[in-house]
Amino acid sequence: MKARECAREGEVLQALYAGTLEGGLAGHAAACAVCREAVAVTRALWEAAPMEGEPPAAGLIWRRAELAARRELIEKSLAPIGVLEKAAAVVAVAAVVVASQWITTMPWWVLAGIPAVAFPAAGLLYLARKA
């Protein structure tokens with residue numbers, strides 16, 4: 001069975017990032033299949049997308065991925081609320097239009113009784129003044 005892990009892989013990659021892969025560590029990287037593959041993959045990635053400095057820590061990448069997933073979940077869960085808010089605004093505008101049309105078609109004597117229905121206290125005062 002082939003070894004898929006090497007205790008010195010992290011050390012080899014750190015030296016490669018720092019640009020100090022030489023001497024005994026370079027010899028180990030050339031002899032060890034795991035380290036040789038890690039160096040080859042790292043160099044291929046550098047050629048494909050050059051990067052300055054060390055890569056970000058794995059924990060930082062994981063945290064950013066978690067935050068992105070959480071943000072996406074929140075956006076998906078809030079989408080129906082946005083639709084309902086827009087629908088409520090449309091219903092409110094329609095109600096105002098219908099009410100304004102309805103009120104303009106009423107005779108004046110019906111409109112005079114609206115305060116008595118809409119505002120009971122005002123209606124009571126109105127009736128008290130008439131008596």
# chains A, B, ... in the order shown; residues from 1 in each chain; ligands from 1
>>> select_by_dssp(residues="range 1-53 of chain A", states="helix (DSSP H, G or I)", output="JSON, numbers by chain")
{"A": [9, 10, 11, 12, 13, 14, 15, 16, 17, 18, 24, 25, 26, 27, 28, 29, 30, 31, 33, 34, 35, 36, 37, 38, 39, 40, 41, 42, 43, 44, 45, 46, 47, 48]}
>>> residues_around(residues="Thr42 in chain A", least_positions_apart="4", cutoff="9 Å", atoms="only C-alpha atoms", output="ChimeraX atom specification")
/A:13,16,37-38,46-47
>>> atom_distance(atom1="CA of Cys6 in chain A", atom2="CA of Ala31 in chain A")
11.6 Å
>>> atom_distance(atom1="CA of Val12 in chain A", atom2="CA of Ala65 in chain A")
27.0 Å
>>> closest_residue(among="A:Gly82, A:Val98, A:Glu9, A:Ala57", to="Ala30 in chain A", atoms="only C-alpha atoms")
A:Glu9
>>> atom_distance(atom1="CA of Glu66 in chain A", atom2="CA of Ala7 in chain A")
29.1 Å
